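> So here's my_file-v3.cif (mmCIF, N, CA and C atoms).
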```
data_work
loop_
_atom_site.label_atom_id
_atom_site.label_comp_id
_atom_site.auth_asym_id
_atom_site.auth_seq_id
_atom_site.Cartn_x
_atom_site.Cartn_y
_atom_site.Cartn_z
N MET M 1 7.45 11.67 21.63
CA MET M 1 6.40 12.08 20.71
C MET M 1 6.57 11.31 19.39
N SER M 2 5.50 10.75 18.93
CA SER M 2 5.54 9.97 17.70
C SER M 2 5.45 10.87 16.48
N HIS M 3 6.19 10.52 15.45
CA HIS M 3 6.14 11.25 14.20
C HIS M 3 5.28 10.54 13.16
N PHE M 4 4.62 9.47 13.57
CA PHE M 4 3.81 8.69 12.62
C PHE M 4 2.46 9.34 12.38
N SER M 5 2.06 9.33 11.11
CA SER M 5 0.73 9.79 10.72
C SER M 5 -0.08 8.58 10.30
N THR M 6 -1.39 8.64 10.51
CA THR M 6 -2.30 7.58 10.10
C THR M 6 -3.32 8.18 9.15
N LEU M 7 -3.40 7.60 7.95
CA LEU M 7 -4.31 8.10 6.92
C LEU M 7 -5.28 7.00 6.51
N ARG M 8 -6.55 7.35 6.41
CA ARG M 8 -7.56 6.40 5.93
C ARG M 8 -7.32 6.14 4.44
N THR M 9 -7.54 4.89 4.02
CA THR M 9 -7.41 4.56 2.61
C THR M 9 -8.64 3.78 2.16
N LYS M 10 -8.73 3.54 0.86
CA LYS M 10 -9.79 2.71 0.30
C LYS M 10 -9.29 1.28 0.07
N VAL M 11 -8.06 1.01 0.50
CA VAL M 11 -7.47 -0.31 0.34
C VAL M 11 -8.16 -1.29 1.29
N ALA M 12 -8.60 -2.44 0.75
CA ALA M 12 -9.26 -3.44 1.59
C ALA M 12 -8.78 -4.86 1.29
N ASP M 13 -8.02 -5.06 0.22
CA ASP M 13 -7.58 -6.39 -0.17
C ASP M 13 -6.07 -6.50 0.03
N ALA M 14 -5.68 -7.24 1.07
CA ALA M 14 -4.26 -7.36 1.43
C ALA M 14 -3.45 -8.00 0.32
N ALA M 15 -3.97 -9.05 -0.30
CA ALA M 15 -3.22 -9.75 -1.36
C ALA M 15 -2.96 -8.83 -2.54
N ILE M 16 -3.95 -8.04 -2.91
CA ILE M 16 -3.78 -7.13 -4.05
C ILE M 16 -2.83 -6.00 -3.68
N LEU M 17 -2.88 -5.51 -2.45
CA LEU M 17 -1.93 -4.49 -2.02
C LEU M 17 -0.51 -5.03 -2.10
N LYS M 18 -0.28 -6.23 -1.58
CA LYS M 18 1.06 -6.81 -1.60
C LYS M 18 1.54 -7.02 -3.04
N GLN M 19 0.64 -7.51 -3.91
CA GLN M 19 1.00 -7.71 -5.32
C GLN M 19 1.34 -6.37 -5.98
N SER M 20 0.56 -5.34 -5.67
CA SER M 20 0.79 -4.01 -6.25
C SER M 20 2.15 -3.46 -5.84
N LEU M 21 2.51 -3.62 -4.57
CA LEU M 21 3.82 -3.16 -4.11
C LEU M 21 4.93 -3.92 -4.82
N CYS M 22 4.77 -5.24 -4.96
CA CYS M 22 5.77 -6.05 -5.67
C CYS M 22 5.87 -5.62 -7.13
N ASP M 23 4.72 -5.34 -7.76
CA ASP M 23 4.71 -4.89 -9.16
C ASP M 23 5.53 -3.61 -9.32
N LEU M 24 5.55 -2.78 -8.28
CA LEU M 24 6.28 -1.52 -8.32
C LEU M 24 7.74 -1.69 -7.88
N GLY M 25 8.13 -2.93 -7.61
CA GLY M 25 9.51 -3.19 -7.21
C GLY M 25 9.81 -2.85 -5.76
N ILE M 26 8.76 -2.79 -4.94
CA ILE M 26 8.92 -2.45 -3.52
C ILE M 26 8.89 -3.73 -2.70
N SER M 27 9.87 -3.90 -1.83
CA SER M 27 9.94 -5.06 -0.95
C SER M 27 8.80 -5.00 0.08
N VAL M 28 8.19 -6.16 0.34
CA VAL M 28 7.02 -6.21 1.23
C VAL M 28 7.28 -7.17 2.39
N LYS M 29 6.88 -6.74 3.58
CA LYS M 29 6.90 -7.62 4.76
C LYS M 29 5.49 -7.65 5.33
N THR M 30 5.17 -8.73 6.01
CA THR M 30 3.88 -8.80 6.71
C THR M 30 4.16 -8.92 8.21
N GLU M 31 3.23 -8.39 8.99
CA GLU M 31 3.36 -8.38 10.45
C GLU M 31 4.76 -7.91 10.84
N ALA M 32 5.09 -6.70 10.43
CA ALA M 32 6.44 -6.16 10.65
C ALA M 32 6.37 -4.74 11.18
N ASP M 33 7.54 -4.20 11.50
CA ASP M 33 7.63 -2.84 12.01
C ASP M 33 7.83 -1.84 10.88
N VAL M 34 7.14 -0.71 11.00
CA VAL M 34 7.33 0.43 10.11
C VAL M 34 8.40 1.31 10.76
N ARG M 35 9.46 1.61 10.02
CA ARG M 35 10.55 2.42 10.57
C ARG M 35 10.22 3.91 10.46
N GLY M 36 10.51 4.63 11.54
CA GLY M 36 10.26 6.06 11.57
C GLY M 36 11.42 6.83 12.17
N TYR M 37 11.16 8.06 12.50
CA TYR M 37 12.17 9.00 13.01
C TYR M 37 12.89 8.46 14.24
N ASN M 38 14.22 8.62 14.22
CA ASN M 38 15.04 8.33 15.39
C ASN M 38 14.85 6.90 15.91
N GLY M 39 14.66 5.96 15.00
CA GLY M 39 14.52 4.56 15.40
C GLY M 39 13.15 4.16 15.90
N GLN M 40 12.20 5.09 15.88
CA GLN M 40 10.85 4.74 16.31
C GLN M 40 10.27 3.69 15.37
N ARG M 41 9.45 2.83 15.92
CA ARG M 41 8.83 1.77 15.12
C ARG M 41 7.38 1.60 15.56
N VAL M 42 6.55 1.23 14.61
CA VAL M 42 5.17 0.90 14.92
C VAL M 42 4.82 -0.34 14.10
N ARG M 43 4.05 -1.24 14.68
CA ARG M 43 3.71 -2.51 14.03
C ARG M 43 2.60 -2.29 13.01
N ALA M 44 2.70 -3.01 11.88
CA ALA M 44 1.68 -2.93 10.84
C ALA M 44 1.48 -4.31 10.22
N ASP M 45 0.32 -4.50 9.61
CA ASP M 45 0.00 -5.77 8.97
C ASP M 45 0.83 -5.97 7.70
N ILE M 46 1.00 -4.90 6.92
CA ILE M 46 1.76 -4.94 5.68
C ILE M 46 2.72 -3.75 5.70
N VAL M 47 3.98 -4.01 5.35
CA VAL M 47 4.99 -2.96 5.35
C VAL M 47 5.69 -2.92 4.00
N ALA M 48 5.73 -1.73 3.41
CA ALA M 48 6.52 -1.48 2.20
C ALA M 48 7.87 -0.97 2.68
N VAL M 49 8.90 -1.81 2.48
CA VAL M 49 10.24 -1.45 2.93
C VAL M 49 10.87 -0.55 1.87
N LEU M 50 11.08 0.70 2.23
CA LEU M 50 11.59 1.69 1.29
C LEU M 50 13.09 1.86 1.43
N GLU M 51 13.72 2.37 0.38
CA GLU M 51 15.12 2.73 0.43
C GLU M 51 15.25 3.85 1.46
N GLY M 52 16.26 3.78 2.29
CA GLY M 52 16.44 4.77 3.33
C GLY M 52 16.03 4.22 4.68
N GLU M 53 15.69 5.11 5.59
CA GLU M 53 15.42 4.74 6.99
C GLU M 53 13.94 4.73 7.36
N TYR M 54 13.06 4.92 6.37
CA TYR M 54 11.64 5.06 6.66
C TYR M 54 10.83 4.11 5.78
N ASP M 55 9.67 3.66 6.28
CA ASP M 55 8.81 2.73 5.55
C ASP M 55 7.38 3.26 5.50
N LEU M 56 6.57 2.58 4.69
CA LEU M 56 5.12 2.78 4.70
C LEU M 56 4.51 1.50 5.26
N GLY M 57 3.46 1.65 6.06
CA GLY M 57 2.77 0.49 6.60
C GLY M 57 1.28 0.62 6.47
N TRP M 58 0.59 -0.53 6.45
CA TRP M 58 -0.86 -0.55 6.41
C TRP M 58 -1.36 -1.45 7.52
N SER M 59 -2.31 -0.94 8.31
CA SER M 59 -2.91 -1.71 9.40
C SER M 59 -4.40 -1.85 9.14
N ARG M 60 -4.88 -3.08 9.32
CA ARG M 60 -6.29 -3.37 9.07
C ARG M 60 -7.18 -2.81 10.16
N ASN M 61 -8.28 -2.21 9.75
CA ASN M 61 -9.31 -1.71 10.66
C ASN M 61 -10.37 -2.78 10.89
N ALA M 62 -11.22 -2.55 11.85
CA ALA M 62 -12.29 -3.50 12.16
C ALA M 62 -13.23 -3.70 10.96
N ASP M 63 -13.39 -2.68 10.11
CA ASP M 63 -14.30 -2.79 8.95
C ASP M 63 -13.63 -3.47 7.74
N GLY M 64 -12.36 -3.87 7.90
CA GLY M 64 -11.67 -4.57 6.81
C GLY M 64 -10.81 -3.67 5.95
N SER M 65 -10.98 -2.35 6.06
CA SER M 65 -10.15 -1.44 5.29
C SER M 65 -8.79 -1.30 5.98
N PHE M 66 -7.85 -0.67 5.28
CA PHE M 66 -6.52 -0.45 5.84
C PHE M 66 -6.24 1.03 6.00
N ASP M 67 -5.55 1.36 7.08
CA ASP M 67 -5.01 2.70 7.27
C ASP M 67 -3.54 2.68 6.88
N LEU M 68 -3.09 3.74 6.23
CA LEU M 68 -1.68 3.92 5.93
C LEU M 68 -1.01 4.57 7.12
N ILE M 69 0.10 3.99 7.56
CA ILE M 69 0.85 4.53 8.71
C ILE M 69 2.26 4.81 8.24
N ALA M 70 2.72 6.03 8.45
CA ALA M 70 4.08 6.37 8.04
C ALA M 70 4.55 7.64 8.73
N ASP M 71 5.85 7.75 8.83
CA ASP M 71 6.48 9.00 9.21
C ASP M 71 6.65 9.75 7.89
N LEU M 72 5.66 10.52 7.51
CA LEU M 72 5.64 11.14 6.19
C LEU M 72 6.78 12.13 5.99
N TRP M 73 7.18 12.82 7.05
CA TRP M 73 8.31 13.73 6.95
C TRP M 73 9.56 12.95 6.57
N GLY M 74 9.77 11.81 7.23
CA GLY M 74 10.93 10.99 6.95
C GLY M 74 10.90 10.39 5.57
N VAL M 75 9.74 9.89 5.15
CA VAL M 75 9.60 9.33 3.81
C VAL M 75 9.95 10.40 2.77
N ALA M 76 9.51 11.62 3.02
CA ALA M 76 9.72 12.72 2.06
C ALA M 76 11.19 13.11 1.94
N LYS M 77 12.03 12.73 2.89
CA LYS M 77 13.45 13.05 2.81
C LYS M 77 14.11 12.34 1.62
N LYS M 78 13.60 11.16 1.27
CA LYS M 78 14.24 10.36 0.22
C LYS M 78 13.33 10.11 -0.97
N HIS M 79 12.04 10.33 -0.81
CA HIS M 79 11.06 10.01 -1.85
C HIS M 79 10.09 11.18 -2.03
N ASN M 80 9.53 11.27 -3.23
CA ASN M 80 8.41 12.19 -3.43
C ASN M 80 7.19 11.43 -2.91
N GLN M 81 6.80 11.75 -1.67
CA GLN M 81 5.76 10.94 -1.02
C GLN M 81 4.43 10.96 -1.78
N THR M 82 4.08 12.10 -2.36
CA THR M 82 2.81 12.17 -3.11
C THR M 82 2.85 11.24 -4.31
N GLU M 83 3.95 11.30 -5.08
CA GLU M 83 4.07 10.41 -6.24
C GLU M 83 4.10 8.96 -5.82
N LEU M 84 4.82 8.65 -4.75
CA LEU M 84 4.94 7.28 -4.27
C LEU M 84 3.58 6.72 -3.86
N ILE M 85 2.87 7.45 -3.03
CA ILE M 85 1.56 6.98 -2.55
C ILE M 85 0.56 6.93 -3.70
N ASN M 86 0.59 7.92 -4.59
CA ASN M 86 -0.30 7.88 -5.75
C ASN M 86 -0.02 6.69 -6.65
N SER M 87 1.26 6.36 -6.85
CA SER M 87 1.59 5.23 -7.71
C SER M 87 1.14 3.92 -7.08
N ILE M 88 1.25 3.81 -5.76
CA ILE M 88 0.77 2.60 -5.07
C ILE M 88 -0.76 2.52 -5.19
N ASN M 89 -1.45 3.62 -4.95
CA ASN M 89 -2.92 3.62 -5.05
C ASN M 89 -3.37 3.32 -6.47
N GLN M 90 -2.68 3.85 -7.45
CA GLN M 90 -3.05 3.62 -8.85
C GLN M 90 -2.85 2.15 -9.22
N LYS M 91 -1.69 1.58 -8.83
CA LYS M 91 -1.41 0.18 -9.14
C LYS M 91 -2.42 -0.73 -8.43
N TYR M 92 -2.78 -0.38 -7.19
CA TYR M 92 -3.77 -1.14 -6.45
C TYR M 92 -5.12 -1.11 -7.17
N ALA M 93 -5.53 0.07 -7.62
CA ALA M 93 -6.83 0.21 -8.31
C ALA M 93 -6.85 -0.62 -9.59
N VAL M 94 -5.77 -0.59 -10.37
CA VAL M 94 -5.71 -1.39 -11.60
C VAL M 94 -5.77 -2.88 -11.27
N ASN M 95 -4.95 -3.32 -10.31
CA ASN M 95 -4.93 -4.74 -9.96
C ASN M 95 -6.26 -5.20 -9.38
N LYS M 96 -6.90 -4.34 -8.59
CA LYS M 96 -8.22 -4.68 -8.00
C LYS M 96 -9.26 -4.81 -9.10
N THR M 97 -9.24 -3.89 -10.06
CA THR M 97 -10.19 -3.95 -11.17
C THR M 97 -9.98 -5.21 -11.99
N LEU M 98 -8.73 -5.52 -12.31
CA LEU M 98 -8.44 -6.74 -13.07
C LEU M 98 -8.89 -7.99 -12.32
N ALA M 99 -8.65 -8.03 -11.01
CA ALA M 99 -9.07 -9.18 -10.20
C ALA M 99 -10.59 -9.30 -10.19
N ASP M 100 -11.29 -8.18 -10.08
CA ASP M 100 -12.76 -8.20 -10.08
C ASP M 100 -13.31 -8.69 -11.41
N VAL M 101 -12.67 -8.28 -12.50
CA VAL M 101 -13.13 -8.68 -13.83
C VAL M 101 -12.94 -10.18 -14.04
N MET M 102 -11.88 -10.74 -13.44
CA MET M 102 -11.59 -12.15 -13.59
C MET M 102 -12.38 -13.05 -12.63
N ARG M 103 -13.19 -12.47 -11.78
CA ARG M 103 -13.99 -13.26 -10.84
C ARG M 103 -14.88 -14.24 -11.58
N PRO M 104 -15.12 -15.42 -11.01
CA PRO M 104 -16.05 -16.37 -11.63
C PRO M 104 -17.39 -15.70 -11.90
N GLY M 105 -17.93 -15.97 -13.07
CA GLY M 105 -19.21 -15.38 -13.46
C GLY M 105 -19.05 -14.17 -14.36
N LEU M 106 -17.85 -13.59 -14.35
CA LEU M 106 -17.62 -12.43 -15.20
C LEU M 106 -16.80 -12.77 -16.44
N GLN M 107 -16.27 -14.01 -16.51
CA GLN M 107 -15.41 -14.34 -17.65
C GLN M 107 -16.14 -14.19 -18.98
N ASN M 108 -17.43 -14.49 -18.99
CA ASN M 108 -18.18 -14.43 -20.23
C ASN M 108 -18.86 -13.09 -20.46
N ALA M 109 -18.68 -12.19 -19.52
CA ALA M 109 -19.28 -10.86 -19.70
C ALA M 109 -18.55 -10.14 -20.83
N ASN M 110 -19.26 -9.27 -21.50
CA ASN M 110 -18.69 -8.53 -22.62
C ASN M 110 -17.90 -7.35 -22.04
N VAL M 111 -16.66 -7.64 -21.60
CA VAL M 111 -15.82 -6.64 -20.95
C VAL M 111 -14.61 -6.38 -21.84
N LYS M 112 -14.37 -5.12 -22.11
CA LYS M 112 -13.19 -4.76 -22.90
C LYS M 112 -12.34 -3.81 -22.07
N LEU M 113 -11.09 -4.19 -21.82
CA LEU M 113 -10.18 -3.36 -21.05
C LEU M 113 -9.27 -2.61 -22.00
N VAL M 114 -9.10 -1.35 -21.73
CA VAL M 114 -8.18 -0.54 -22.52
C VAL M 114 -7.10 -0.08 -21.55
N LEU M 115 -5.88 -0.56 -21.77
CA LEU M 115 -4.76 -0.18 -20.91
C LEU M 115 -3.86 0.76 -21.69
N GLN M 116 -3.43 1.81 -21.02
CA GLN M 116 -2.55 2.78 -21.67
C GLN M 116 -1.15 2.66 -21.16
#
```
Now, as a test, write the supplied structure out as structure tokens.


Amino acid sequence: MSHFSTLRTKVADAAILKQSLCDLGISVKTEADVRGYNGQRVRADIVAVLEGEYDLGWSRNADGSFDLIADLWGVAKKHNQTELINSINQKYAVNKTLADVMRPGLQNANVKLVLQ
């Protein structure tokens, strides 16, 4: 029986996801195994290698979005999973917004960013 959960996300840009994980000091692998309970593994497109025996992974869907795949019980043994996933989502949203603002054609737009 698998202990892996699959959660829908709004993540669609692999490069920004990888950059966001690196920004948070999380090691990233591509086309790698997500570690789960009792040595179980599942393949994912992007893997956040976490301290301990468990990882977070993202697999691309046909529509281009990514699903988060993880043994959430295992991740929670060493990490506050809610804070961890929220921090990744927040960093992704900031990086995605900054990337969108820097797109060609928007450089001259009257855009003011306020970062806290």

> Which residue gives the smallest distance to Asp45 in chain M among M:Asp23, M:Asp71, M:Glu31, M:Asp13, with all atoms listed in the file counted?

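Checking each candidate against Asp45 in chain M, we get M:Glu31 as the closest.
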
> Mind checking which residues fall within 8 Å of Gly64 in chain M, counting all atoms listed in the file, ignoring those fewer than 6 positions away in the same chain, and posting them as a PyMOL selection string?

chain M and resi 10-14

> Write a file of the selected residues as a PDB file, in the frame of the given file, keeping N, CA and C atoms.


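part_10.pdb, freshly written:
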```pdb
ATOM      1  N   LYS M  10      -8.730   3.540   0.860  1.00  0.00           N
ATOM      2  CA  LYS M  10      -9.790   2.710   0.300  1.00  0.00           C
ATOM      3  C   LYS M  10      -9.290   1.280   0.070  1.00  0.00           C
ATOM      4  N   VAL M  11      -8.060   1.010   0.500  1.00  0.00           N
ATOM      5  CA  VAL M  11      -7.470  -0.310   0.340  1.00  0.00           C
ATOM      6  C   VAL M  11      -8.160  -1.290   1.290  1.00  0.00           C
ATOM      7  N   ALA M  12      -8.600  -2.440   0.750  1.00  0.00           N
ATOM      8  CA  ALA M  12      -9.260  -3.440   1.590  1.00  0.00           C
ATOM      9  C   ALA M  12      -8.780  -4.860   1.290  1.00  0.00           C
ATOM     10  N   ASP M  13      -8.020  -5.060   0.220  1.00  0.00           N
ATOM     11  CA  ASP M  13      -7.580  -6.390  -0.170  1.00  0.00           C
ATOM     12  C   ASP M  13      -6.070  -6.500   0.030  1.00  0.00           C
ATOM     13  N   ALA M  14      -5.680  -7.240   1.070  1.00  0.00           N
ATOM     14  CA  ALA M  14      -4.260  -7.360   1.430  1.00  0.00           C
ATOM     15  C   ALA M  14      -3.450  -8.000   0.320  1.00  0.00           C
TER      16      ALA M  14
END
```

> Find the residues with any atom within 6 Å of (-5.6, 2.0, 4.1); use only N, CA and C atoms and the coordinates as given in the file, and write the answer as a VMD selection string.

chain M and resid 7 to 11 58 65 to 68

> At a cut-off of 6 Å, using all atoms listed in the file, what residues contact range 82-95 of chain M? Leave out same-chain residues fewer than 2 positions from it and give the result as a ChimeraX atom specification.

/M:16-17,20,80,97-100

> May I ask for the distance between CA of Ile26 in chain M and atom N of Pro104 in chain M, given in Å to one decimal place?

28.3 Å

> Got a sec to resolve the PyMOL selection byres (((chain M and resi 44 and name CA) around 9) and name CA) on this structure and send the residues as a PyMOL selection string?

chain M and resi 30-34+42-43+45-47+57-60+69

> Using all atoms listed in the file, which of the listed residues (M:Arg103, M:Lys77, M:Leu24, M:Ser2) sits closest to Gln40 in chain M?

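Comparing M:Arg103, M:Lys77, M:Leu24, M:Ser2 against Gln40 in chain M, the winner is M:Ser2.
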
> So what do you get for CA of Ser5 in chain M versus atom C of His79 in chain M, distance-wise?

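We find that CA of Ser5 in chain M and atom C of His79 in chain M lie 15.9 Å from each other.
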
> Written as a ChimeraX atom specification, what is the full residue list that the PyMOL selection byres (((chain M and resi 3 and name CA) around 10) and name CA) yields on the file shown?

/M:1-2,4-5,36-38,40-41,70-74

> Using DSSP on the backbone, list every residue of chain M that comes out as strand (DSSP E), and give them as a ChimeraX atom specification.

/M:5-8,27-35,41-49,56-60,66-70

> How would you write, as JSON, numbers by chain, the set of residues in chain M that DSSP gives as helix (DSSP H, G or I)?

{"M": [14, 15, 16, 17, 18, 19, 20, 21, 22, 23, 37, 38, 39, 72, 73, 74, 75, 76, 77, 78, 81, 82, 83, 84, 85, 86, 87, 88, 89, 90, 91, 92, 93, 94, 95, 96, 97, 98, 99, 100, 101]}

> For a quick check of understanding, using all atoms listed in the file, which of M:Asp63, M:Ser27, M:Ala76, M:Glu53 has the smallest distance to Gly39 in chain M?

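Residue with the minimum atom-to-atom distance to Gly39 in chain M: M:Glu53.
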
> Within 6.5 Å of Val75 in chain M, counting all atoms listed in the file, which residues show up once you throw out same-chain ones fewer than 6 positions away? Write them as a list in words, please.

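Contacts, with the query itself left out: Tyr54, Asp55 and Gln81 of chain M.
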
> By how many Å are CA of Gln19 in chain M and CA of Thr6 in chain M apart?

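Between CA of Gln19 in chain M and CA of Thr6 in chain M the gap is 22.0 Å.
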
> Taking into account only N, CA and C atoms, which residue in the set M:Ala48, M:Ala62, M:Val101, M:Leu56 is nearest to Lys29 in chain M?

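When distances to Lys29 in chain M are compared using only N, CA and C atoms, the smallest one comes from M:Ala48.
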
> Given only C-alpha atoms as the basis, pick out the residue of M:Met102, M:Lys96, M:Asn61, M:Leu50 nearest to Lys78 in chain M.

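Under the stated criterion, the closest residue is M:Leu50.
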
> Put range 72-98 of chain M into a file with N, CA and C atoms, as a PDB file, in the first residue's frame.


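Listed below is the output, result_17.pdb:
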```
ATOM      1  N   LEU M  72       3.061  12.594   3.005  1.00  0.00           N
ATOM      2  CA  LEU M  72       2.884  13.737   3.897  1.00  0.00           C
ATOM      3  C   LEU M  72       3.071  13.362   5.363  1.00  0.00           C
ATOM      4  N   TRP M  73       2.691  12.146   5.731  1.00  0.00           N
ATOM      5  CA  TRP M  73       2.906  11.695   7.104  1.00  0.00           C
ATOM      6  C   TRP M  73       4.403  11.678   7.402  1.00  0.00           C
ATOM      7  N   GLY M  74       5.186  11.149   6.464  1.00  0.00           N
ATOM      8  CA  GLY M  74       6.627  11.077   6.650  1.00  0.00           C
ATOM      9  C   GLY M  74       7.271  12.444   6.679  1.00  0.00           C
ATOM     10  N   VAL M  75       6.858  13.326   5.778  1.00  0.00           N
ATOM     11  CA  VAL M  75       7.395  14.688   5.746  1.00  0.00           C
ATOM     12  C   VAL M  75       7.120  15.366   7.093  1.00  0.00           C
ATOM     13  N   ALA M  76       5.944  15.137   7.642  1.00  0.00           N
ATOM     14  CA  ALA M  76       5.540  15.786   8.895  1.00  0.00           C
ATOM     15  C   ALA M  76       6.351  15.299  10.092  1.00  0.00           C
ATOM     16  N   LYS M  77       7.024  14.162   9.977  1.00  0.00           N
ATOM     17  CA  LYS M  77       7.845  13.667  11.077  1.00  0.00           C
ATOM     18  C   LYS M  77       9.019  14.604  11.359  1.00  0.00           C
ATOM     19  N   LYS M  78       9.522  15.277  10.323  1.00  0.00           N
ATOM     20  CA  LYS M  78      10.714  16.107  10.482  1.00  0.00           C
ATOM     21  C   LYS M  78      10.456  17.577  10.178  1.00  0.00           C
ATOM     22  N   HIS M  79       9.358  17.877   9.524  1.00  0.00           N
ATOM     23  CA  HIS M  79       9.072  19.239   9.065  1.00  0.00           C
ATOM     24  C   HIS M  79       7.631  19.616   9.410  1.00  0.00           C
ATOM     25  N   ASN M  80       7.395  20.916   9.562  1.00  0.00           N
ATOM     26  CA  ASN M  80       6.017  21.389   9.638  1.00  0.00           C
ATOM     27  C   ASN M  80       5.546  21.467   8.184  1.00  0.00           C
ATOM     28  N   GLN M  81       4.818  20.437   7.754  1.00  0.00           N
ATOM     29  CA  GLN M  81       4.494  20.337   6.330  1.00  0.00           C
ATOM     30  C   GLN M  81       3.675  21.520   5.824  1.00  0.00           C
ATOM     31  N   THR M  82       2.773  22.039   6.645  1.00  0.00           N
ATOM     32  CA  THR M  82       1.961  23.186   6.209  1.00  0.00           C
ATOM     33  C   THR M  82       2.848  24.399   5.969  1.00  0.00           C
ATOM     34  N   GLU M  83       3.737  24.694   6.928  1.00  0.00           N
ATOM     35  CA  GLU M  83       4.643  25.832   6.755  1.00  0.00           C
ATOM     36  C   GLU M  83       5.564  25.628   5.567  1.00  0.00           C
ATOM     37  N   LEU M  84       6.080  24.417   5.402  1.00  0.00           N
ATOM     38  CA  LEU M  84       6.990  24.114   4.303  1.00  0.00           C
ATOM     39  C   LEU M  84       6.312  24.323   2.952  1.00  0.00           C
ATOM     40  N   ILE M  85       5.151  23.730   2.777  1.00  0.00           N
ATOM     41  CA  ILE M  85       4.444  23.841   1.496  1.00  0.00           C
ATOM     42  C   ILE M  85       3.985  25.275   1.263  1.00  0.00           C
ATOM     43  N   ASN M  86       3.514  25.946   2.314  1.00  0.00           N
ATOM     44  CA  ASN M  86       3.118  27.352   2.161  1.00  0.00           C
ATOM     45  C   ASN M  86       4.297  28.228   1.773  1.00  0.00           C
ATOM     46  N   SER M  87       5.470  27.984   2.360  1.00  0.00           N
ATOM     47  CA  SER M  87       6.636  28.802   2.022  1.00  0.00           C
ATOM     48  C   SER M  87       7.066  28.565   0.582  1.00  0.00           C
ATOM     49  N   ILE M  88       6.969  27.329   0.109  1.00  0.00           N
ATOM     50  CA  ILE M  88       7.296  27.036  -1.291  1.00  0.00           C
ATOM     51  C   ILE M  88       6.290  27.728  -2.210  1.00  0.00           C
ATOM     52  N   ASN M  89       5.006  27.618  -1.902  1.00  0.00           N
ATOM     53  CA  ASN M  89       3.976  28.260  -2.729  1.00  0.00           C
ATOM     54  C   ASN M  89       4.127  29.775  -2.730  1.00  0.00           C
ATOM     55  N   GLN M  90       4.450  30.343  -1.590  1.00  0.00           N
ATOM     56  CA  GLN M  90       4.612  31.793  -1.496  1.00  0.00           C
ATOM     57  C   GLN M  90       5.817  32.259  -2.315  1.00  0.00           C
ATOM     58  N   LYS M  91       6.951  31.545  -2.180  1.00  0.00           N
ATOM     59  CA  LYS M  91       8.151  31.910  -2.938  1.00  0.00           C
ATOM     60  C   LYS M  91       7.898  31.759  -4.436  1.00  0.00           C
ATOM     61  N   TYR M  92       7.173  30.708  -4.820  1.00  0.00           N
ATOM     62  CA  TYR M  92       6.827  30.499  -6.224  1.00  0.00           C
ATOM     63  C   TYR M  92       5.982  31.663  -6.743  1.00  0.00           C
ATOM     64  N   ALA M  93       4.985  32.074  -5.968  1.00  0.00           N
ATOM     65  CA  ALA M  93       4.094  33.165  -6.393  1.00  0.00           C
ATOM     66  C   ALA M  93       4.881  34.462  -6.573  1.00  0.00           C
ATOM     67  N   VAL M  94       5.790  34.769  -5.641  1.00  0.00           N
ATOM     68  CA  VAL M  94       6.606  35.985  -5.760  1.00  0.00           C
ATOM     69  C   VAL M  94       7.497  35.904  -6.997  1.00  0.00           C
ATOM     70  N   ASN M  95       8.196  34.778  -7.162  1.00  0.00           N
ATOM     71  CA  ASN M  95       9.092  34.637  -8.314  1.00  0.00           C
ATOM     72  C   ASN M  95       8.334  34.664  -9.633  1.00  0.00           C
ATOM     73  N   LYS M  96       7.150  34.064  -9.662  1.00  0.00           N
ATOM     74  CA  LYS M  96       6.325  34.059 -10.888  1.00  0.00           C
ATOM     75  C   LYS M  96       5.876  35.482 -11.217  1.00  0.00           C
ATOM     76  N   THR M  97       5.456  36.226 -10.201  1.00  0.00           N
ATOM     77  CA  THR M  97       5.033  37.610 -10.417  1.00  0.00           C
ATOM     78  C   THR M  97       6.187  38.452 -10.932  1.00  0.00           C
ATOM     79  N   LEU M  98       7.356  38.318 -10.309  1.00  0.00           N
ATOM     80  CA  LEU M  98       8.527  39.077 -10.764  1.00  0.00           C
ATOM     81  C   LEU M  98       8.901  38.717 -12.201  1.00  0.00           C
TER      82      LEU M  98
END
```
